[in-house]
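K.L.:
This is the structure I have questions about; it appears just below.
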Amino acid sequence: MKKINTIIFDMDGTVLNTLDDLTVSVNYVLRKFGFPERTLEDYRRFFGNGIRQALELAVPEGTPESVIDEMLPVFKEHYDEHCLDKTSPYEGIPELMRELKHRGYKMAIVSNKIDSAVKELNEKFFSEYVEVAIGEKEGIKRKPAPDTVILALKELGSTKEEAVYIGDSEVDFQTAVNSELPCISVLWGFRDKDYLMDIGATIFADKPSDVLEMLHFCCTESDIFDPTMTK
């Protein structure tokens with residue numbers, strides 16, 4: 001096994017706590033279209049596979065797809081204006097990235113969030129550390145397809161044998177499997193450990209500093225990141 005030198009991060013629920021701003025923007029759209037609002041805890045379950053699916057889960061059952069089509073640009077306009085209102089990195093994430101960069105790791109963020117928002121948020125919070133940030137856009141399949149991960153690895157000049165994926169949801173775990181990467185599932189995000197274990201996750205980080213310990217353990221003592229553990 002090659003030495004791990006590349007980290008691919010998910011964004012929402014992994015490096016950034018975006019739930020408050022997402023909740024406000026989706027509820028704005030729901031009100032505008034005459035639908036009842038949903039709670040923050042609802043959205044904790046809804047997000048992970050892009051805004052369209054979140055909207056589909058948030059609207060009343062039977063809402064036509066054509067209405068979702070109309071809602072999407074309204075959300076995008078509102079969220080682009082308000083995605084920095086309350087969003088901030090999770091405690092310990094900037095320190096983790098700083099140390100990873102100091103140790104020579106290459107880093108990317110891949111997300112099912114709208115590409116413009118991913119790039120804006122990365123520029124605001126992580127541009128000192130993260131070289132590549134890729135979101136949902138035309139011409140590339142979204143997670144859990146491996147396409148964004150493959151593109152990130154290409155832009156970083158890395159291979160899948162040198163990389164680890166870090167995320168907080170079932171979509172992230174499946175993305176890692178489809179990309180043939182080992183996956184660290186974080187427990188500070190949008191899903192809890194029992195749920196992640198039920199969908200097959202096996203490697204967990206309770207706090208960002210755990211990632212450094214895992215990388216050290218992997219490179220010196222164990223095959224904890226053997227990709228077969230995600231299969």
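Residues in the structure tokens are named by chain (A, B, ... in the order shown) and by number from 1 within that chain; ligands are numbered from 1 in the order shown.
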Using only C-alpha atoms, determine which residues lie at most 10 Å from A:Ala54, disregarding the query and same-chain residues fewer than 6 positions distant; provide the list as a ChimeraX atom specification.

P.N.:
/A:22,26,42-48

K.L.:
Write the selection just made, keeping all heavy atoms, as a CSV table (one decimal), in the first residue's frame?

P.N.:
chain,number,residue,atom,x,y,z
A,22,LEU,N,-28.4,26.6,5.5
A,22,LEU,CA,-29.2,25.8,4.6
A,22,LEU,C,-30.7,25.8,5.0
A,22,LEU,O,-31.6,25.9,4.2
A,22,LEU,CB,-28.7,24.4,4.6
A,22,LEU,CG,-27.4,24.2,3.9
A,22,LEU,CD1,-26.8,22.8,4.2
A,22,LEU,CD2,-27.5,24.3,2.4
A,26,VAL,N,-33.7,27.1,2.6
A,26,VAL,CA,-34.8,26.2,2.1
A,26,VAL,C,-36.1,26.7,2.7
A,26,VAL,O,-37.2,26.6,1.9
A,26,VAL,CB,-34.5,24.7,2.5
A,26,VAL,CG1,-35.7,23.8,2.0
A,26,VAL,CG2,-33.2,24.3,1.9
A,42,ASP,N,-35.1,18.2,10.8
A,42,ASP,CA,-35.6,17.6,9.5
A,42,ASP,C,-34.5,17.7,8.5
A,42,ASP,O,-34.1,16.8,7.8
A,42,ASP,CB,-36.8,18.4,9.0
A,42,ASP,CG,-38.1,18.1,9.7
A,42,ASP,OD1,-38.2,17.0,10.3
A,42,ASP,OD2,-39.0,18.9,9.7
A,43,TYR,N,-33.9,18.9,8.4
A,43,TYR,CA,-32.9,19.2,7.4
A,43,TYR,C,-31.6,18.4,7.7
A,43,TYR,O,-30.8,18.0,6.7
A,43,TYR,CB,-32.6,20.6,7.2
A,43,TYR,CG,-33.7,21.4,6.6
A,43,TYR,CD1,-34.4,22.4,7.3
A,43,TYR,CD2,-34.2,21.1,5.3
A,43,TYR,CE1,-35.4,23.1,6.7
A,43,TYR,CE2,-35.2,21.8,4.8
A,43,TYR,CZ,-35.9,22.8,5.5
A,43,TYR,OH,-36.9,23.4,4.9
A,44,ARG,N,-31.3,18.1,8.9
A,44,ARG,CA,-30.2,17.3,9.3
A,44,ARG,C,-30.3,15.9,8.6
A,44,ARG,O,-29.3,15.3,8.2
A,44,ARG,CB,-30.1,17.1,10.8
A,44,ARG,CG,-28.8,16.4,11.2
A,44,ARG,CD,-28.8,16.2,12.7
A,44,ARG,NE,-28.8,17.5,13.4
A,44,ARG,CZ,-27.8,18.2,13.7
A,44,ARG,NH1,-26.6,17.8,13.2
A,44,ARG,NH2,-27.9,19.4,14.3
A,45,ARG,N,-31.5,15.4,8.4
A,45,ARG,CA,-31.7,14.1,7.8
A,45,ARG,C,-31.8,14.3,6.2
A,45,ARG,O,-31.5,13.4,5.5
A,45,ARG,CB,-33.0,13.5,8.3
A,45,ARG,CG,-33.0,13.1,9.7
A,45,ARG,CD,-34.3,12.4,10.1
A,45,ARG,NE,-35.4,13.4,10.2
A,45,ARG,CZ,-36.4,13.4,9.4
A,45,ARG,NH1,-36.5,12.6,8.4
A,45,ARG,NH2,-37.4,14.3,9.6
A,46,PHE,N,-32.3,15.5,5.8
A,46,PHE,CA,-32.6,15.7,4.4
A,46,PHE,C,-31.3,15.9,3.6
A,46,PHE,O,-31.3,15.5,2.4
A,46,PHE,CB,-33.5,16.8,4.2
A,46,PHE,CG,-34.9,16.7,4.7
A,46,PHE,CD1,-35.8,17.8,4.8
A,46,PHE,CD2,-35.4,15.4,5.1
A,46,PHE,CE1,-37.1,17.6,5.3
A,46,PHE,CE2,-36.7,15.3,5.6
A,46,PHE,CZ,-37.5,16.4,5.7
A,47,PHE,N,-30.3,16.6,4.1
A,47,PHE,CA,-29.2,16.9,3.3
A,47,PHE,C,-28.1,15.8,3.3
A,47,PHE,O,-28.0,15.1,4.3
A,47,PHE,CB,-28.5,18.2,3.9
A,47,PHE,CG,-29.2,19.5,3.3
A,47,PHE,CD1,-30.1,20.1,4.1
A,47,PHE,CD2,-28.9,19.9,2.1
A,47,PHE,CE1,-30.8,21.3,3.6
A,47,PHE,CE2,-29.5,21.0,1.5
A,47,PHE,CZ,-30.5,21.7,2.3
A,48,GLY,N,-27.4,15.8,2.2
A,48,GLY,CA,-26.4,14.8,2.0
A,48,GLY,C,-26.2,14.4,0.5
A,48,GLY,O,-25.2,14.0,0.1

K.L.:
Give me the residues near A:Val130 as an NGL selection string, where near means some atom within 8 Å (using only C-alpha atoms) and where sequence neighbours in that chain fewer than 6 positions away do not count.

P.N.:
:A and (106-109 or 122)

K.L.:
Go ahead and save the residues from that selection, with N, CA and C atoms, as an mmCIF file, in the first residue's frame.

P.N.:
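The resulting file, out_38.cif, is reproduced below:
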data_model
loop_
_atom_site.group_PDB
_atom_site.id
_atom_site.type_symbol
_atom_site.label_atom_id
_atom_site.label_comp_id
_atom_site.auth_asym_id
_atom_site.auth_seq_id
_atom_site.Cartn_x
_atom_site.Cartn_y
_atom_site.Cartn_z
ATOM 1 N N LYS A 106 -1.793 16.790 0.576
ATOM 2 C CA LYS A 106 -2.601 17.549 -0.377
ATOM 3 C C LYS A 106 -4.072 17.365 -0.004
ATOM 4 N N MET A 107 -4.863 18.421 -0.192
ATOM 5 C CA MET A 107 -6.258 18.373 0.244
ATOM 6 C C MET A 107 -7.208 18.913 -0.812
ATOM 7 N N ALA A 108 -8.391 18.292 -0.886
ATOM 8 C CA ALA A 108 -9.466 18.762 -1.763
ATOM 9 C C ALA A 108 -10.786 18.636 -1.015
ATOM 10 N N ILE A 109 -11.762 19.410 -1.454
ATOM 11 C CA ILE A 109 -13.136 19.296 -0.989
ATOM 12 C C ILE A 109 -14.010 18.936 -2.178
ATOM 13 N N ASN A 122 -14.989 27.640 0.313
ATOM 14 C CA ASN A 122 -13.585 27.229 0.423
ATOM 15 C C ASN A 122 -12.663 28.442 0.413
#

K.L.:
Closest to A:His102 among A:Asp115, A:Glu123, A:Glu128, A:Asp206, using only C-alpha atoms?

P.N.:
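Using only C-alpha atoms, the shortest distance to A:His102 belongs to A:Glu128.
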
K.L.:
Find the residues around stretch 131-142 of chain A up to 6 Å (only C-alpha atoms counted), leave out those fewer than 5 positions away in its own chain, and share them as a PyMOL selection string.

P.N.:
chain A and resi 108-115+118-119+147

K.L.:
Report the distance between atom CA of A:Trp188 and atom CA of A:Pro208 in Å, rounded to one decimal place.

P.N.:
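Distance between the two atoms: 9.0 Å.
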
K.L.:
Please identify all polymer residues within 12 Å of A:Leu55, counting only C-alpha atoms, omitting same-chain residues fewer than 5 positions from it, and present them as a PyMOL selection string.

P.N.:
chain A and resi 22-23+25-30+33+35+37-38+42-43+45-50+60-61+63-65+67-76

K.L.:
Identify all residues of stretch 52-210 of chain A in strand (DSSP E) (DSSP on the backbone) and supply them as a list in words.

P.N.:
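Those residues are Ser88, Pro89, Lys106, Met107, Ala108, Ile109, Val110, Ser111, Asn112, Lys113, Ile114, Val132, Ala133, Ile134, Gly135, Glu136, Ala163, Val164, Tyr165, Ile166, Gly167, Cys183, Ile184, Ser185, Val186, Phe204 and Ala205 of chain A.
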
K.L.:
Could you find all residues in stretch 36-166 of chain A that DSSP calls alpha helix (DSSP H) from the backbone, and write them as a VMD selection string?

P.N.:
chain A and resid 40 to 46 51 to 58 65 to 82 93 to 102 115 to 125 147 to 156

K.L.:
Next, dump the selected residues to file, keeping only C-alpha atoms, as a CSV table (one decimal), in the first residue's frame.

P.N.:
chain,number,residue,atom,x,y,z
A,40,LEU,CA,-33.4,22.1,11.5
A,41,GLU,CA,-33.6,18.5,12.6
A,42,ASP,CA,-35.6,17.6,9.5
A,43,TYR,CA,-32.9,19.2,7.4
A,44,ARG,CA,-30.2,17.3,9.3
A,45,ARG,CA,-31.7,14.1,7.8
A,46,PHE,CA,-32.6,15.7,4.4
A,51,ILE,CA,-30.3,20.4,-2.8
A,52,ARG,CA,-32.8,18.9,-5.2
A,53,GLN,CA,-33.2,15.8,-3.0
A,54,ALA,CA,-33.5,18.0,0.1
A,55,LEU,CA,-36.2,20.1,-1.6
A,56,GLU,CA,-38.0,16.9,-2.6
A,57,LEU,CA,-38.0,15.7,1.0
A,58,ALA,CA,-39.0,19.1,2.4
A,65,GLU,CA,-41.2,17.8,-10.3
A,66,SER,CA,-42.0,21.0,-12.3
A,67,VAL,CA,-42.4,22.8,-9.0
A,68,ILE,CA,-39.1,21.6,-7.7
A,69,ASP,CA,-37.6,22.9,-11.0
A,70,GLU,CA,-38.9,26.3,-10.2
A,71,MET,CA,-37.7,26.2,-6.6
A,72,LEU,CA,-34.1,25.4,-7.4
A,73,PRO,CA,-33.0,28.8,-8.8
A,74,VAL,CA,-34.9,30.6,-6.0
A,75,PHE,CA,-32.9,28.6,-3.5
A,76,LYS,CA,-29.6,29.2,-5.4
A,77,GLU,CA,-30.2,33.0,-5.4
A,78,HIS,CA,-31.0,33.2,-1.7
A,79,TYR,CA,-28.3,30.8,-0.6
A,80,ASP,CA,-25.6,32.5,-2.7
A,81,GLU,CA,-26.5,35.7,-0.7
A,82,HIS,CA,-26.7,34.1,2.7
A,93,ILE,CA,-11.0,21.6,11.5
A,94,PRO,CA,-8.7,24.6,10.7
A,95,GLU,CA,-6.1,23.2,13.1
A,96,LEU,CA,-6.4,19.8,11.4
A,97,MET,CA,-5.9,21.3,8.0
A,98,ARG,CA,-3.0,23.4,9.1
A,99,GLU,CA,-1.3,20.4,10.5
A,100,LEU,CA,-2.0,18.3,7.5
A,101,LYS,CA,-0.5,20.9,5.3
A,102,HIS,CA,2.5,21.2,7.6
A,115,ASP,CA,-20.3,24.6,-7.2
A,116,SER,CA,-20.3,28.4,-6.8
A,117,ALA,CA,-21.1,28.0,-3.1
A,118,VAL,CA,-18.5,25.3,-2.6
A,119,LYS,CA,-15.8,27.6,-4.2
A,120,GLU,CA,-17.0,30.6,-2.3
A,121,LEU,CA,-17.0,28.8,1.1
A,122,ASN,CA,-13.6,27.2,0.4
A,123,GLU,CA,-12.1,30.6,-0.5
A,124,LYS,CA,-13.5,32.1,2.7
A,125,PHE,CA,-12.4,29.4,5.1
A,147,ASP,CA,-16.5,11.5,-10.7
A,148,THR,CA,-15.8,14.5,-8.5
A,149,VAL,CA,-13.3,12.5,-6.5
A,150,ILE,CA,-11.6,11.3,-9.6
A,151,LEU,CA,-11.4,14.9,-10.9
A,152,ALA,CA,-10.0,16.2,-7.6
A,153,LEU,CA,-7.3,13.5,-7.6
A,154,LYS,CA,-6.4,14.4,-11.1
A,155,GLU,CA,-6.1,18.1,-10.3
A,156,LEU,CA,-4.0,17.3,-7.2
